[in-house]
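This is structure29.pdb. It holds PDB, C-alpha atoms and all ligand atoms.
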MODEL        1
ATOM      1  CA  MET A 125    -109.115  10.828  42.387
ATOM      2  CA  THR A 126    -111.427  10.489  39.414
ATOM      3  CA  SER A 127    -113.898  13.251  38.902
ATOM      4  CA  GLY A 128    -117.209  12.595  40.566
ATOM      5  CA  SER A 129    -115.830  10.322  43.273
ATOM      6  CA  PRO A 130    -116.556  11.422  46.819
ATOM      7  CA  ALA A 131    -113.832  13.248  48.724
ATOM      8  CA  PRO A 132    -112.044  11.103  51.307
ATOM      9  CA  THR A 133    -113.394  11.772  54.745
ATOM     10  CA  THR A 134    -110.466  10.449  56.746
ATOM     11  CA  LYS A 135    -106.861  11.602  56.677
ATOM     12  CA  PRO A 136    -103.906   9.307  57.317
ATOM     13  CA  GLY A 137    -102.065  10.180  60.516
ATOM     14  CA  CYS A 138    -105.040  11.911  62.132
ATOM     15  CA  GLY A 139    -105.962  10.361  65.498
ATOM     16  CA  ILE A 140    -109.611  11.316  65.172
ATOM     17  CA  CYS A 141    -109.878   9.985  61.629
ATOM     18  CA  ALA A 142    -108.397   6.762  63.025
ATOM     19  CA  ILE A 143    -111.210   6.585  65.590
ATOM     20  CA  ILE A 144    -113.750   7.228  62.812
ATOM     21  CA  ASP A 145    -112.252   4.349  60.830
ATOM     22  CA  ARG A 146    -112.663   2.102  63.894
ATOM     23  CA  ILE A 147    -116.270   3.253  64.311
ATOM     24  CA  LYS A 148    -116.955   2.434  60.656
ATOM     25  CA  ALA A 149    -115.386  -0.989  61.174
ATOM     26  CA  GLY A 150    -117.603  -1.579  64.211
ATOM     27  CA  SER A 151    -114.659  -1.881  66.578
ATOM     28  CA  PHE A 152    -114.912   1.229  68.732
ATOM     29  CA  ARG A 153    -116.575   0.287  72.005
ATOM     30  CA  ASP A 154    -117.554   3.773  73.121
ATOM     31  CA  PHE A 155    -119.406   4.607  69.907
ATOM     32  CA  ILE A 156    -122.858   5.974  70.721
ATOM     33  CA  ALA A 157    -124.437   7.270  67.524
ATOM     34  CA  GLU A 158    -123.849   8.485  63.997
ATOM     35  CA  LEU A 159    -125.567  11.767  63.135
ATOM     36  CA  ASN A 160    -125.538  13.639  59.827
ATOM     37  CA  SER A 161    -122.500  15.774  60.623
ATOM     38  CA  CYS A 162    -120.670  13.791  63.268
ATOM     39  CA  TYR A 163    -120.121  10.698  65.353
ATOM     40  CA  VAL A 164    -120.933  10.749  69.050
ATOM     41  CA  ILE A 165    -118.683   8.806  71.417
ATOM     42  CA  LEU A 166    -118.559   8.473  75.179
ATOM     43  CA  GLY A 167    -115.521  10.287  76.533
ATOM     44  CA  ASP A 168    -112.874   8.545  78.620
ATOM     45  CA  GLN A 169    -113.066  10.969  81.568
ATOM     46  CA  GLN A 170    -116.255   9.965  83.278
ATOM     47  CA  LEU A 171    -115.448  11.896  86.413
ATOM     48  CA  TYR A 172    -117.704  14.196  84.372
ATOM     49  CA  ARG A 173    -120.478  11.672  84.047
ATOM     50  CA  GLY A 174    -122.041  11.790  80.604
ATOM     51  CA  TYR A 175    -119.002  13.401  78.964
ATOM     52  CA  CYS A 176    -119.264  12.863  75.215
ATOM     53  CA  VAL A 177    -117.230  13.928  72.213
ATOM     54  CA  LEU A 178    -118.631  14.797  68.790
ATOM     55  CA  LEU A 179    -116.243  13.985  65.954
ATOM     56  CA  ALA A 180    -116.898  15.932  62.760
ATOM     57  CA  LYS A 181    -117.251  13.591  59.795
ATOM     58  CA  ILE A 182    -115.248  16.007  57.675
ATOM     59  CA  HIS A 183    -111.532  16.222  58.410
ATOM     60  CA  ALA A 184    -111.031  19.942  58.967
ATOM     61  CA  THR A 185    -108.391  21.419  61.250
ATOM     62  CA  GLU A 186    -110.443  24.528  62.102
ATOM     63  CA  LEU A 187    -114.142  25.327  62.298
ATOM     64  CA  TYR A 188    -113.629  28.220  59.914
ATOM     65  CA  LEU A 189    -112.079  25.876  57.365
ATOM     66  CA  MET A 190    -115.175  23.671  57.283
ATOM     67  CA  PRO A 191    -117.833  24.377  54.671
ATOM     68  CA  ALA A 192    -120.170  26.837  56.410
ATOM     69  CA  ASP A 193    -123.217  24.610  55.994
ATOM     70  CA  SER A 194    -121.338  21.681  57.554
ATOM     71  CA  SER A 195    -120.245  23.711  60.564
ATOM     72  CA  ARG A 196    -123.801  25.013  61.093
ATOM     73  CA  LEU A 197    -125.213  21.507  60.914
ATOM     74  CA  LEU A 198    -122.578  20.339  63.384
ATOM     75  CA  PHE A 199    -123.538  23.149  65.736
ATOM     76  CA  ASP A 200    -127.259  22.336  65.495
ATOM     77  CA  GLU A 201    -126.587  18.671  66.164
ATOM     78  CA  MET A 202    -124.229  19.480  69.051
ATOM     79  CA  ARG A 203    -126.939  21.552  70.689
ATOM     80  CA  LEU A 204    -129.380  18.659  70.548
ATOM     81  CA  VAL A 205    -126.785  16.149  71.754
ATOM     82  CA  ALA A 206    -126.148  18.410  74.749
ATOM     83  CA  ASP A 207    -129.877  18.474  75.418
ATOM     84  CA  ALA A 208    -129.993  14.669  75.234
ATOM     85  CA  ILE A 209    -127.046  14.258  77.624
ATOM     86  CA  ALA A 210    -128.562  16.775  80.031
ATOM     87  CA  ALA A 211    -131.823  14.840  80.040
ATOM     88  CA  VAL A 212    -129.875  11.797  81.261
ATOM     89  CA  VAL A 213    -127.401  13.220  83.773
ATOM     90  CA  LYS A 214    -129.089  16.490  84.841
ATOM     91  CA  PRO A 215    -125.877  18.531  85.138
ATOM     92  CA  TRP A 216    -125.400  21.757  87.025
ATOM     93  CA  LYS A 217    -123.878  23.209  83.825
ATOM     94  CA  MET A 218    -122.891  21.973  80.384
ATOM     95  CA  ASN A 219    -119.494  22.953  78.989
ATOM     96  CA  TYR A 220    -118.770  23.039  75.250
ATOM     97  CA  GLU A 221    -115.189  23.001  74.098
ATOM     98  CA  CYS A 222    -113.690  22.913  70.631
ATOM     99  CA  LEU A 223    -109.927  22.938  71.081
ATOM    100  CA  GLY A 224    -108.002  20.629  68.787
ATOM    101  CA  ASN A 225    -104.534  21.478  70.075
ATOM    102  CA  SER A 226    -103.680  17.798  70.485
ATOM    103  CA  GLU A 227    -105.840  16.444  67.660
ATOM    104  CA  PRO A 228    -106.393  19.040  64.959
ATOM    105  CA  HIS A 229    -109.625  17.623  63.553
ATOM    106  CA  VAL A 230    -112.760  19.535  64.558
ATOM    107  CA  HIS A 231    -114.401  17.894  67.566
ATOM    108  CA  TRP A 232    -116.552  19.172  70.385
ATOM    109  CA  HIS A 233    -116.228  18.127  73.993
ATOM    110  CA  LEU A 234    -119.579  18.123  75.771
ATOM    111  CA  LEU A 235    -118.808  18.157  79.458
ATOM    112  CA  PRO A 236    -121.529  17.973  82.071
ATOM    113  CA  ARG A 237    -120.393  19.754  85.209
ATOM    114  CA  TYR A 238    -121.706  19.130  88.681
ATOM    115  CA  GLU A 239    -122.260  21.306  91.703
ATOM    116  CA  THR A 240    -120.344  18.831  93.858
ATOM    117  CA  ASP A 241    -117.148  19.553  91.886
ATOM    118  CA  GLU A 242    -115.088  22.028  93.910
ATOM    119  CA  MET A 243    -113.303  22.989  90.652
ATOM    120  CA  ARG A 244    -116.572  23.626  88.784
ATOM    121  CA  ARG A 245    -115.833  27.320  88.160
ATOM    122  CA  GLY A 246    -112.890  26.476  85.912
ATOM    123  CA  PRO A 247    -112.253  24.347  82.839
ATOM    124  CA  ILE A 248    -111.800  20.627  83.474
ATOM    125  CA  TRP A 249    -108.262  20.662  82.117
ATOM    126  CA  LEU A 250    -106.976  22.314  85.309
ATOM    127  CA  ARG A 251    -107.543  19.021  87.126
ATOM    128  CA  PRO A 252    -104.828  16.373  86.681
ATOM    129  CA  GLU A 253    -105.685  13.895  83.930
ATOM    130  CA  SER A 254    -105.201  10.998  86.343
ATOM    131  CA  GLU A 255    -108.161  12.314  88.372
ATOM    132  CA  ARG A 256    -110.328  13.037  85.333
ATOM    133  CA  LYS A 257    -109.897   9.635  83.727
ATOM    134  CA  VAL A 258    -112.574   7.706  85.543
ATOM    135  CA  ILE A 259    -113.538   4.499  83.736
ATOM    136  CA  LEU A 260    -117.045   3.266  84.466
ATOM    137  CA  ASP A 261    -117.656  -0.356  85.258
ATOM    138  CA  GLU A 262    -119.003  -2.250  82.272
ATOM    139  CA  ASN A 263    -122.641  -2.447  83.336
ATOM    140  CA  ASP A 264    -122.738   1.212  84.228
ATOM    141  CA  ARG A 265    -121.021   2.177  80.972
ATOM    142  CA  ARG A 266    -123.533   0.225  78.911
ATOM    143  CA  ALA A 267    -126.460   1.634  80.872
ATOM    144  CA  LEU A 268    -125.229   5.192  80.428
ATOM    145  CA  ILE A 269    -124.703   4.730  76.684
ATOM    146  CA  GLY A 270    -128.152   3.123  76.441
ATOM    147  CA  SER A 271    -129.796   6.034  78.239
ATOM    148  CA  ILE A 272    -128.056   8.594  76.017
ATOM    149  CA  ARG A 273    -129.101   6.649  72.911
ATOM    150  CA  ILE A 274    -132.740   6.709  73.992
ATOM    151  CA  GLN A 275    -132.596  10.489  74.390
ATOM    152  CA  LEU A 276    -130.778  10.904  71.068
ATOM    153  CA  ALA A 277    -133.323   8.734  69.264
ATOM    154  CA  ALA A 278    -136.088  11.014  70.531
ATOM    155  CA  ARG A 279    -134.305  14.013  68.970
ATOM    156  CA  PHE A 280    -132.709  12.587  65.806
ATOM    157  CA  HIS A 281    -135.084  10.595  63.675
ATOM    158  CA  ASP A 282    -132.637   9.906  60.854
ATOM    159  CA  ALA A 283    -129.610   9.022  62.951
ATOM    160  CA  ARG A 284    -127.813   5.684  63.077
ATOM    161  CA  ILE A 285    -128.245   4.713  66.690
ATOM    162  CA  PRO A 286    -127.522   1.101  67.581
ATOM    163  CA  PRO A 287    -130.045  -0.520  69.901
ATOM    164  CA  GLY A 288    -129.196  -0.834  73.581
TER     165      GLY A 288
HETATM  166 ZN    ZN B   1    -109.068  13.780  60.873
ENDMDL
END
Starting from the file, lay out its structure as structure tokens.
Amino acid sequence: MTSGSPAPTTKPGCGICAIIDRIKAGSFRDFIAELNSCYVILGDQQLYRGYCVLLAKIHATELYLMPADSSRLLFDEMRLVADAIAAVVKPWKMNYECLGNSEPHVHWHLLPRYETDEMRRGPIWLRPESERKVILDENDRRALIGSIRIQLAARFHDARIPPG
């Protein structure tokens, strides 16, 4: 790398960096918005309607290995994304999880939880994945993404939020 060139933001072999590359190429269908610190995507387990994942733009394997300012910005943006999701789906409770055991690139799961869920007192991961992985029908998926984008646009004035 020549001096003065920007640091690479994606790392070969990282599954989350691969998703970020697809977002940048315009080929990731569940992309919702690009914020200053992260990308917001719709999660693939819509049993928890409104479930989104925030992917840090910086490839870091741990929060404490991120530059402090970057991790604070990510936290501030996560808080507002949670507020935006809640405005759409009105959850009983919002769960925030930063795990990274499967994909060690900092990302936050924002999981709306509902009173109708008999397993609501525990983390979602106790439920079999086959039950969690609810795929919305296309019209519903687009409508949900559209509603979240409207709420994000009201909170992030400098974000890249595609129309619709
Ligand atoms: Zn990565």
On this structure, which residues satisfy the PyMOL selection byres (((chain A and resi 136-149) around 8) and not hetatm), written as a list of chain:residue names?
A:Thr133, A:Thr134, A:Lys135, A:Gly150, A:Ser151, A:Phe152, A:Phe155, A:Tyr163, A:Leu179, A:Lys181, A:His183, A:Glu227, A:Pro228, A:His229
Find the residues near segment 248-261 of chain A: any atom within 9 Å, counting all atoms listed in the file, skip ones fewer than 5 places away on the same chain, and give them as a ChimeraX atom specification.
/A:168-173,235,237,243,266
May I have the residues within 10 Å of segment 205-213 of chain A as a PyMOL selection string, using only C-alpha atoms and disregarding those fewer than 5 positions away in the same chain?
chain A and resi 159+164+172-178+199-200+218-220+233-238+268-269+271-280
C-alpha atoms of the current selection, written as a PDB file, keeping the file's coordinate frame:
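Final output, out-v8.pdb:
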ATOM      1  CA  LEU A 159    -125.567  11.767  63.135  1.00  0.00           C
ATOM      2  CA  VAL A 164    -120.933  10.749  69.050  1.00  0.00           C
ATOM      3  CA  TYR A 172    -117.704  14.196  84.372  1.00  0.00           C
ATOM      4  CA  ARG A 173    -120.478  11.672  84.047  1.00  0.00           C
ATOM      5  CA  GLY A 174    -122.041  11.790  80.604  1.00  0.00           C
ATOM      6  CA  TYR A 175    -119.002  13.401  78.964  1.00  0.00           C
ATOM      7  CA  CYS A 176    -119.264  12.863  75.215  1.00  0.00           C
ATOM      8  CA  VAL A 177    -117.230  13.928  72.213  1.00  0.00           C
ATOM      9  CA  LEU A 178    -118.631  14.797  68.790  1.00  0.00           C
ATOM     10  CA  PHE A 199    -123.538  23.149  65.736  1.00  0.00           C
ATOM     11  CA  ASP A 200    -127.259  22.336  65.495  1.00  0.00           C
ATOM     12  CA  MET A 218    -122.891  21.973  80.384  1.00  0.00           C
ATOM     13  CA  ASN A 219    -119.494  22.953  78.989  1.00  0.00           C
ATOM     14  CA  TYR A 220    -118.770  23.039  75.250  1.00  0.00           C
ATOM     15  CA  HIS A 233    -116.228  18.127  73.993  1.00  0.00           C
ATOM     16  CA  LEU A 234    -119.579  18.123  75.771  1.00  0.00           C
ATOM     17  CA  LEU A 235    -118.808  18.157  79.458  1.00  0.00           C
ATOM     18  CA  PRO A 236    -121.529  17.973  82.071  1.00  0.00           C
ATOM     19  CA  ARG A 237    -120.393  19.754  85.209  1.00  0.00           C
ATOM     20  CA  TYR A 238    -121.706  19.130  88.681  1.00  0.00           C
ATOM     21  CA  LEU A 268    -125.229   5.192  80.428  1.00  0.00           C
ATOM     22  CA  ILE A 269    -124.703   4.730  76.684  1.00  0.00           C
ATOM     23  CA  SER A 271    -129.796   6.034  78.239  1.00  0.00           C
ATOM     24  CA  ILE A 272    -128.056   8.594  76.017  1.00  0.00           C
ATOM     25  CA  ARG A 273    -129.101   6.649  72.911  1.00  0.00           C
ATOM     26  CA  ILE A 274    -132.740   6.709  73.992  1.00  0.00           C
ATOM     27  CA  GLN A 275    -132.596  10.489  74.390  1.00  0.00           C
ATOM     28  CA  LEU A 276    -130.778  10.904  71.068  1.00  0.00           C
ATOM     29  CA  ALA A 277    -133.323   8.734  69.264  1.00  0.00           C
ATOM     30  CA  ALA A 278    -136.088  11.014  70.531  1.00  0.00           C
ATOM     31  CA  ARG A 279    -134.305  14.013  68.970  1.00  0.00           C
ATOM     32  CA  PHE A 280    -132.709  12.587  65.806  1.00  0.00           C
TER      33      PHE A 280
END
Closest of A:Glu201, A:Ser194, A:Leu187, A:Asn225 to Ala157 of chain A - atom-to-atom distances counting only C-alpha atoms
A:Glu201
Would you compute the distance between atom CA of Gly224 of chain A and atom CA of Arg153 of chain A? Give it in Å to one decimal.
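Atom CA of Arg153 of chain A lies at a distance of 22.3 Å from atom CA of Gly224 of chain A.
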Any idea what the distance is between atom CA of Ala192 of chain A and atom CA of Ile285 of chain A?
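One can read the atom CA of Ala192 of chain A to atom CA of Ile285 of chain A distance as 25.7 Å.
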